[in-house]
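Chemist: First, the structure itself, so that you have it in front of you.
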Amino acid sequence: MDFVAGAIGGICGVAVGYPLDTVKVKIQTESKYTGIWHCVRDTYRHERVLGFYRGLSLPVCTVSLVSSVSFGTYRHCLAHICRLRYGSADAKPAKADVTLSGCASGLVRVFLTSPTEVAKVRLQTQTQQRRLSASGPSSAPSFCPVSSAGVCRAPEPKYRGPLHCLATVAREEGFRGLYKGSSALLLRDGHSFATYFLSYAILCEWLTPAGHSHPDVLGVLAAGGCAGVLAWAVATPMDVIKSRLQADGQGQQRYRGLLHCVVTSVREDGLRVLFKGLAVNCCRAFPVNMVVFVTYEAVLGLTRGLLC
């Protein structure tokens, strides 16, 4: 049931957090934005509400599988570790057990999320690429097609949707293109999911009333929200690099790999570039993970009640 509960919780989380995820990706990949509100205003002015949901269909279709794998892997790893160390899967795990299981869940999900992350980032950033092309010099007509009425039109989008994006990337960049940035994704998700599940377990323990085995709904909401914020706080540097590597297939490629991307980004924008999007990540993480964990615990509680 952990797989089912994780799937439902993940879908609810995506529905809550996707608009801020779009803002986060744009801030990380485009230096023109001075902050969250500047990015929100610019996106709304040029693309309206739809601009905040570009590339949503693929994450919605895949997030149930990814979230299911994350929570299911975590619980099963934890159960196996407890069985090996303490002789029972129901034994209380140590902090190290929770950390190791969380790290395993983060590493496993990378193989599923990398292609969808590539498609999501490309779709979220392609509108700004079109605006840059359309604003090219008048001496370069190939950048600015003219309609029959003599009006300069912006180029057609390269990607018509998530599936078309994946097919185009696979055709132009090969299978490796679908896993572009996966090294940064591995580094991001391994330690961030270890932090995620460990902080949730610790906070739940602190927030559980005396004489009870589990926290109440408010405790779960607070623990889930804080766990999400802490996880993204440690994940943001690699998330910046991941986004830049995955957006790098549009036009001339700038980065030769993970290390080159880190060195180039820091040299051009300073160390603070590694924390671009940190504020929006934390703003998004709190409500999203409140919803994820309260849904996850509610589904588990419901199924336990039905099966007992």
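By convention here, the chains of the structure tokens are called A, B, ... in the order presented, each chain's residues are numbered starting at 1, and ligands are numbered starting at 1 in the order presented.
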Could you list, as a PyMOL selection string, every residue within 8 Å of range 165-170 of chain A, counting only C-alpha atoms and ignoring same-chain residues fewer than 4 positions away?
Modeler: chain A and resi 115+118-119+122-123+159-161+174-178
Chemist: I want to know what sits within 9 Å of Asp21 in chain A, based on only C-alpha atoms, with residues of the same chain fewer than 5 positions away left out; could you give that as a list of chain:residue names?
Modeler: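 Counting only C-alpha atoms, the residues come to A:Lys26, A:Phe52, A:Val280, A:Asn281, A:Arg284.
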Chemist: Pull N, CA, C and O atoms from the residues just selected and write them as an mmCIF file, in the first residue's frame.
Modeler:
```
data_model
loop_
_atom_site.group_PDB
_atom_site.id
_atom_site.type_symbol
_atom_site.label_atom_id
_atom_site.label_comp_id
_atom_site.auth_asym_id
_atom_site.auth_seq_id
_atom_site.Cartn_x
_atom_site.Cartn_y
_atom_site.Cartn_z
ATOM 1 N N LYS A 26 12.749 28.805 -14.672
ATOM 2 C CA LYS A 26 13.064 30.011 -15.452
ATOM 3 C C LYS A 26 14.112 30.863 -14.751
ATOM 4 O O LYS A 26 15.014 31.407 -15.382
ATOM 5 N N PHE A 52 2.396 29.124 -16.836
ATOM 6 C CA PHE A 52 2.845 28.494 -15.598
ATOM 7 C C PHE A 52 2.625 26.980 -15.607
ATOM 8 O O PHE A 52 3.113 26.284 -14.712
ATOM 9 N N VAL A 280 12.173 30.285 -4.069
ATOM 10 C CA VAL A 280 10.955 29.744 -4.692
ATOM 11 C C VAL A 280 10.850 28.238 -4.438
ATOM 12 O O VAL A 280 9.749 27.701 -4.278
ATOM 13 N N ASN A 281 11.994 27.546 -4.377
ATOM 14 C CA ASN A 281 11.969 26.121 -4.035
ATOM 15 C C ASN A 281 11.360 25.900 -2.658
ATOM 16 O O ASN A 281 10.535 25.004 -2.459
ATOM 17 N N ARG A 284 7.640 26.717 -2.551
ATOM 18 C CA ARG A 284 6.873 25.647 -3.197
ATOM 19 C C ARG A 284 6.881 24.382 -2.360
ATOM 20 O O ARG A 284 5.872 23.663 -2.268
#
```
Chemist: Of the candidates A:Gly13, A:Pro215, A:Ile8, A:Glu172, which one gets nearest to Val288 in chain A if we count only C-alpha atoms?
Modeler: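 Looking at the shortest contact to Val288 in chain A, the residue is A:Gly13.
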Chemist: Write out, as a tab-separated table, each residue of range 168-224 of chain A that has an atom at most 12 Å from range 64-73 of chain A, together with the closest pair of atoms and their distance in Å to one decimal, counting only C-alpha atoms, rows going by chain and rising number.
Modeler:
```
residue	atom	partner	partner_atom	distance
A:Asp189	CA	A:Ser70	CA	10.5
A:Gly190	CA	A:Ser70	CA	11.3
A:Phe193	CA	A:Ser70	CA	8.9
A:Ala194	CA	A:Ser70	CA	11.3
A:Tyr196	CA	A:Phe71	CA	11.3
A:Phe197	CA	A:Phe71	CA	9.5
```
Chemist: For the residues selected in the previous step, produce a file with all heavy atoms as a JSON list (two decimals), in the first residue's frame.
Modeler:
```json
[["chain", "number", "residue", "atom", "x", "y", "z"],
["A", 189, "ASP", "N", 19.24, 14.12, -5.87],
["A", 189, "ASP", "CA", 18.19, 13.32, -5.23],
["A", 189, "ASP", "C", 18.71, 12.38, -4.15],
["A", 189, "ASP", "O", 17.96, 12.06, -3.21],
["A", 189, "ASP", "CB", 17.42, 12.52, -6.28],
["A", 189, "ASP", "CG", 16.46, 13.39, -7.07],
["A", 189, "ASP", "OD1", 16.35, 14.58, -6.74],
["A", 189, "ASP", "OD2", 15.82, 12.87, -8.01],
["A", 190, "GLY", "N", 19.95, 11.93, -4.25],
["A", 190, "GLY", "CA", 20.48, 11.02, -3.24],
["A", 190, "GLY", "C", 20.46, 11.62, -1.85],
["A", 190, "GLY", "O", 19.80, 11.12, -0.93],
["A", 193, "PHE", "N", 16.81, 13.29, -0.67],
["A", 193, "PHE", "CA", 15.79, 12.36, -0.18],
["A", 193, "PHE", "C", 16.18, 11.73, 1.15],
["A", 193, "PHE", "O", 15.32, 11.39, 1.96],
["A", 193, "PHE", "CB", 15.47, 11.29, -1.24],
["A", 193, "PHE", "CG", 14.36, 11.72, -2.16],
["A", 193, "PHE", "CD1", 14.63, 12.55, -3.23],
["A", 193, "PHE", "CD2", 13.05, 11.33, -1.93],
["A", 193, "PHE", "CE1", 13.61, 12.98, -4.07],
["A", 193, "PHE", "CE2", 12.03, 11.75, -2.76],
["A", 193, "PHE", "CZ", 12.31, 12.59, -3.83],
["A", 194, "ALA", "N", 17.50, 11.58, 1.37],
["A", 194, "ALA", "CA", 17.96, 11.16, 2.69],
["A", 194, "ALA", "C", 17.55, 12.20, 3.73],
["A", 194, "ALA", "O", 17.01, 11.87, 4.81],
["A", 194, "ALA", "CB", 19.47, 10.96, 2.69],
["A", 196, "TYR", "N", 15.13, 14.39, 3.36],
["A", 196, "TYR", "CA", 13.67, 14.46, 3.32],
["A", 196, "TYR", "C", 13.04, 13.49, 4.31],
["A", 196, "TYR", "O", 12.27, 13.87, 5.20],
["A", 196, "TYR", "CB", 13.25, 14.13, 1.89],
["A", 196, "TYR", "CG", 11.79, 14.25, 1.55],
["A", 196, "TYR", "CD1", 11.09, 15.43, 1.76],
["A", 196, "TYR", "CD2", 11.13, 13.17, 0.96],
["A", 196, "TYR", "CE1", 9.75, 15.54, 1.39],
["A", 196, "TYR", "CE2", 9.80, 13.28, 0.58],
["A", 196, "TYR", "CZ", 9.12, 14.46, 0.79],
["A", 196, "TYR", "OH", 7.80, 14.56, 0.42],
["A", 197, "PHE", "N", 13.38, 12.22, 4.18],
["A", 197, "PHE", "CA", 12.76, 11.20, 5.03],
["A", 197, "PHE", "C", 13.29, 11.25, 6.46],
["A", 197, "PHE", "O", 12.54, 10.99, 7.41],
["A", 197, "PHE", "CB", 12.96, 9.81, 4.42],
["A", 197, "PHE", "CG", 12.07, 9.55, 3.23],
["A", 197, "PHE", "CD1", 12.60, 9.47, 1.95],
["A", 197, "PHE", "CD2", 10.71, 9.39, 3.39],
["A", 197, "PHE", "CE1", 11.78, 9.24, 0.85],
["A", 197, "PHE", "CE2", 9.87, 9.15, 2.30],
["A", 197, "PHE", "CZ", 10.41, 9.08, 1.03]]
```
Chemist: Which one of A:Leu221, A:Asp42, A:Ile81, A:Gln126 sits closest to Tyr296 in chain A if you count only C-alpha atoms?
Modeler: A:Leu221
